[in-house]
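Following: one structure in structure tokens, then a few remarks.
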Amino acid sequence: MCGIVGYIGTQAANNILLSGLEKLEYRGYDSAGIATIWEGNIHCVRAKGKLLNLRSKLEQVEHPAQVGIGHTRWATHGKPEEHNAHPHQDNALRVAVVQNGIVENYRELREYLKALGHEFRSETDTEVIPHLIAECLQHTPENPASPSHFFTAVQEAINKLKGAFAIAAICADYPDELIVIRQQAPLVIGFGQGEFFCASDTPAIVTHTRAVLPLENGEIARLTPLGVEVYNFAGHRLKKHPRTLNWNPIMVEKQGFKHFMLKEIYEQPGVVRACLEAYFPSVGDIPVSLNLPEEIYTDLAQIEIVACGTSWHAALVGKYLLEQLAEIPTQVQYASEFRYAPSPLTANTLTIGVTQSGETADTLAALGMEKERRQGKDDPYKGRFLGITNRPESSLGQMIPNIINTHGGIEIGVAATKTFVAQLMAFYGLALDLGYRSGKISATRLTEIITGLRQLPSEIEAILETQEKYIEQLVHDFTETKDFIFVGRGINFPIALEGALKLKEISYIHAEGYPAGEMKHGPIALLDNKVPVVAIAMPGNVYEKVISNAQEAKARDSRLIGITSVKDDEATEIFNDLIPVSDVEEILSPILTVIPLQLLAYHIAARRGLDVDQPRNLAKSVTVE
């Protein structure tokens, strides 16, 4: 989950590296560091904690180095102390390396290198890499066919590593080279005018260039002032072509909001409009357009979805839509569990991977395993796979040929908001597409639902306009609360789970989501006047049941907060606090009911003085198991 950045060109590297790390800090903020080459030596500056600590140290450093690497860390091996911070160097301080990922065989390599006289200064797995490169530089013969001896040494070293990693390396003896490697961890190269960049994610370089080349697994690239060369691990040069991102620098700025999370909550009407435009064209005879091949639909009998975290909650809403609208049996699995206990193989099954970043390690591994399991089976559509992601250029997009782009745009806040709503929209599109094609949804019913979806952006805007100030005042009563319960039923049960997750992620308050009907089967024992209950009670076939369950909680002295329709006249008599949303059909309600829960979590965390965008122990993209 760490963030790495690299630069080689004509500008001062320190400022570019630091700026890139600021855009990547959502990937980890336990420590940070920068290494540059100047006057024949590597200058390495590291600091524990957030990036501002590194910035303070760098204010005392003045040199115009034009090549360097940087890192912001989410700790895996070794505590978040300065001596464990990246970059790491060899004993002679001639090689510096940053890494995102895990070297699984680092203990074996560490003992091997110790026996050769290498001394280690940290507890991290990464530190074996610069020592290994230094050893290869010293003892590996120069290869006339290789672009440089440094490249040969790096190539030799990485072929000894096991694990999932992205690496950037520099060497004081080769000041005009930056070597980058990708093996099952994201890494993208940026192309400028006489300068080149690398980073774990595109926000780090989008202010400098929109021409990018995502590396694929098993690729190593050599960046010099003259250009970029890409090779496989065997040393064979590859022909690669950059692509242009449809992003602009202003997308990664706060634009006047106090936090990125609040900005991204307010961007949700625009995200829903973008999805509507992409999935439901207003002209022509095609009501739903996902640009998927016909083989996705043919004789489809079952769907299995793998996802993690917020994406798993979106998948649960997707399951409801796919089963109720398209009438296709659907299973939702935690990707981390599916990897080790997969479902029995069945024919005519569509496997869907959902990941905002397209880089979630467990989801990618689950999909890779499933693709391998289906090789050679009798299912005529054994390659029936679909990805739902906000980043089509990601590893998921390279692994899965069929992608639904969720059109969420760059999301900086670690807690997913607009990308969750975008994933819901993708599932609406898929369920309606499958249902209409199979005849399970009539043209009239399809038009009704799409018409309802088209009203949602303005209805989200109404919630933001009328309810945010009220929620901001409401949370004054909850800054010392230690426990929250969220309940919902049917399509809004996953929204209760998502509301609880948001509160846990950014406020550090213990919160749990339950199906409302399950409260009396055990969780009701938790309730008293210190445990507020948030109930999602939208008009529909489970409304009366949710109200009944909510009253059971109120009878145990819990403060009851209701998310319900603005037209619910009885709600004021039932709930202690009421956050109304527009009166919509129940099947469309999740996109509205989640908005107040996002605002509730945000304002509680902000009121408690916590770092909303970078909550402790979390990273935006989980790229290790």
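So you can find residues: chains in the structure tokens are A, B, ... in the order shown, residues in each start at 1, and ligands are numbered from 1 in order.
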
Apply DSSP to the backbone of this structure and, from stretch 497-608 of chain A, keep only the residues in helix (DSSP H, G or I); write these as a PyMOL selection string. chain A and resi 497-507+516-521+523-526+543-554+571-574+586-588+590-607

Within 6 Å of A:Ile4 using only C-alpha atoms, minus same-chain residues under 5 positions, as an MDAnalysis selection string: chainID A and resid 70:71 199:200

Next, write the just-selected residues to a file, as a JSON list (two decimals), in the first residue's frame, keeping N, CA, C and O atoms as the atom set.
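Listed below is the output, out_24.json:
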[["chain", "number", "residue", "atom", "x", "y", "z"],
["A", 70, "GLY", "N", 11.37, 8.74, -4.15],
["A", 70, "GLY", "CA", 10.72, 9.06, -2.89],
["A", 70, "GLY", "C", 9.73, 7.99, -2.49],
["A", 70, "GLY", "O", 9.32, 7.15, -3.30],
["A", 71, "HIS", "N", 9.33, 8.03, -1.21],
["A", 71, "HIS", "CA", 8.49, 6.95, -0.68],
["A", 71, "HIS", "C", 7.67, 7.47, 0.50],
["A", 71, "HIS", "O", 8.16, 8.24, 1.32],
["A", 199, "ALA", "N", 5.57, 6.41, -10.64],
["A", 199, "ALA", "CA", 4.79, 6.53, -9.41],
["A", 199, "ALA", "C", 3.90, 5.31, -9.25],
["A", 199, "ALA", "O", 3.58, 4.61, -10.21],
["A", 200, "SER", "N", 3.47, 5.11, -8.00],
["A", 200, "SER", "CA", 2.54, 4.03, -7.71],
["A", 200, "SER", "C", 1.16, 4.32, -8.28],
["A", 200, "SER", "O", 0.39, 3.40, -8.55]]

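Ranking A:Met261, A:Ala65, A:Ile8, A:Leu276 by their shortest atom-to-atom distance to A:Gly194, with only C-alpha atoms included, puts A:Ile8 first.
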
Contacts of A:Gly33 at 12 Å (only C-alpha atoms; same-chain gap of 6+ positions) as a PyMOL selection string: chain A and resi 2-6+14+17-18+20-22+25+43-58+68-73+81-89+96-99

What residues in stretch 111-247 of chain A get the DSSP label strand (DSSP E or B)? Please answer as a ChimeraX atom specification. /A:163-171,174-183,188-191,196-199,211-214,219-224,227-232,237-238,243-244

Write out as a VMD selection string the residues lying within 12 Å of A:Leu109, counting only C-alpha atoms and excluding same-chain residues fewer than 6 positions away. chain A and resid 103 115 to 116 118 120 125 to 133 135 157 to 158 160 to 162

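The environment of A:Phe478 within 12 Å, counting only C-alpha atoms and disregarding residues fewer than 5 places along the same chain, consists of Ile471, Glu472, Gln473, Asp483, Phe484, Leu503, Ser507, Ile509, Lys530, Val531, Pro532, Val533, Arg559, Ile561, Leu600, Ala601, His603, Ile604, Ala605, Ala606, Arg607 and Arg608 of chain A.
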
Give me a file of those residues, with N, CA and C atoms, as a short mmCIF file (atom, residue, chain, number, x, y, z; two decimals), in the first residue's frame.
data_model
loop_
_atom_site.label_atom_id
_atom_site.label_comp_id
_atom_site.auth_asym_id
_atom_site.auth_seq_id
_atom_site.Cartn_x
_atom_site.Cartn_y
_atom_site.Cartn_z
N ILE A 471 -26.77 17.92 10.20
CA ILE A 471 -25.93 16.81 10.66
C ILE A 471 -24.71 17.35 11.40
N GLU A 472 -24.14 18.44 10.90
CA GLU A 472 -22.98 19.04 11.55
C GLU A 472 -23.30 19.46 12.99
N GLN A 473 -24.53 19.94 13.21
CA GLN A 473 -24.95 20.29 14.57
C GLN A 473 -25.28 19.05 15.39
N ASP A 483 -19.90 3.63 20.92
CA ASP A 483 -20.50 2.56 20.11
C ASP A 483 -21.69 3.09 19.32
N PHE A 484 -21.83 2.58 18.10
CA PHE A 484 -22.98 2.91 17.25
C PHE A 484 -23.51 1.61 16.64
N LEU A 503 -17.96 5.11 9.69
CA LEU A 503 -17.76 5.66 11.02
C LEU A 503 -16.53 5.05 11.68
N SER A 507 -13.59 7.85 12.36
CA SER A 507 -13.82 8.41 13.70
C SER A 507 -13.26 7.52 14.80
N ILE A 509 -14.71 5.12 16.16
CA ILE A 509 -15.80 4.70 17.03
C ILE A 509 -16.21 3.28 16.63
N LYS A 530 -26.49 4.70 26.00
CA LYS A 530 -25.19 5.16 25.51
C LYS A 530 -24.89 4.66 24.10
N VAL A 531 -25.81 3.88 23.52
CA VAL A 531 -25.57 3.30 22.19
C VAL A 531 -26.63 3.80 21.21
N PRO A 532 -26.32 4.81 20.40
CA PRO A 532 -27.29 5.28 19.40
C PRO A 532 -27.51 4.23 18.31
N VAL A 533 -28.71 4.24 17.76
CA VAL A 533 -29.06 3.34 16.66
C VAL A 533 -29.50 4.17 15.46
N ARG A 559 -30.86 6.09 21.67
CA ARG A 559 -31.23 7.26 20.87
C ARG A 559 -31.37 6.80 19.43
N ILE A 561 -31.87 7.42 15.45
CA ILE A 561 -31.68 8.35 14.34
C ILE A 561 -32.27 7.71 13.10
N LEU A 600 -22.56 11.97 8.32
CA LEU A 600 -22.53 11.71 9.75
C LEU A 600 -21.13 11.28 10.19
N ALA A 601 -20.55 10.33 9.46
CA ALA A 601 -19.19 9.87 9.79
C ALA A 601 -18.19 11.01 9.64
N HIS A 603 -18.59 14.33 9.81
CA HIS A 603 -18.68 15.42 10.79
C HIS A 603 -18.34 14.95 12.20
N ILE A 604 -18.61 13.69 12.53
CA ILE A 604 -18.18 13.19 13.83
C ILE A 604 -16.65 13.18 13.90
N ALA A 605 -16.02 12.67 12.84
CA ALA A 605 -14.55 12.63 12.82
C ALA A 605 -13.95 14.03 12.84
N ALA A 606 -14.52 14.94 12.05
CA ALA A 606 -14.00 16.31 12.02
C ALA A 606 -14.20 16.99 13.37
N ARG A 607 -15.34 16.75 13.99
CA ARG A 607 -15.63 17.34 15.30
C ARG A 607 -14.65 16.82 16.35
N ARG A 608 -14.23 15.57 16.22
CA ARG A 608 -13.27 14.98 17.17
C ARG A 608 -11.83 15.40 16.87
#

Residue with the minimum atom-to-atom distance to A:Leu364, picked from A:Arg107, A:Thr444, A:Ala164, A:Val581 with only C-alpha atoms counted, is A:Ala164

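In terms of minimum interatomic distance to A:Leu215, A:Tyr231 ranks closest within A:Phe151, A:Tyr602, A:Tyr231, A:Tyr470, counting only C-alpha atoms.
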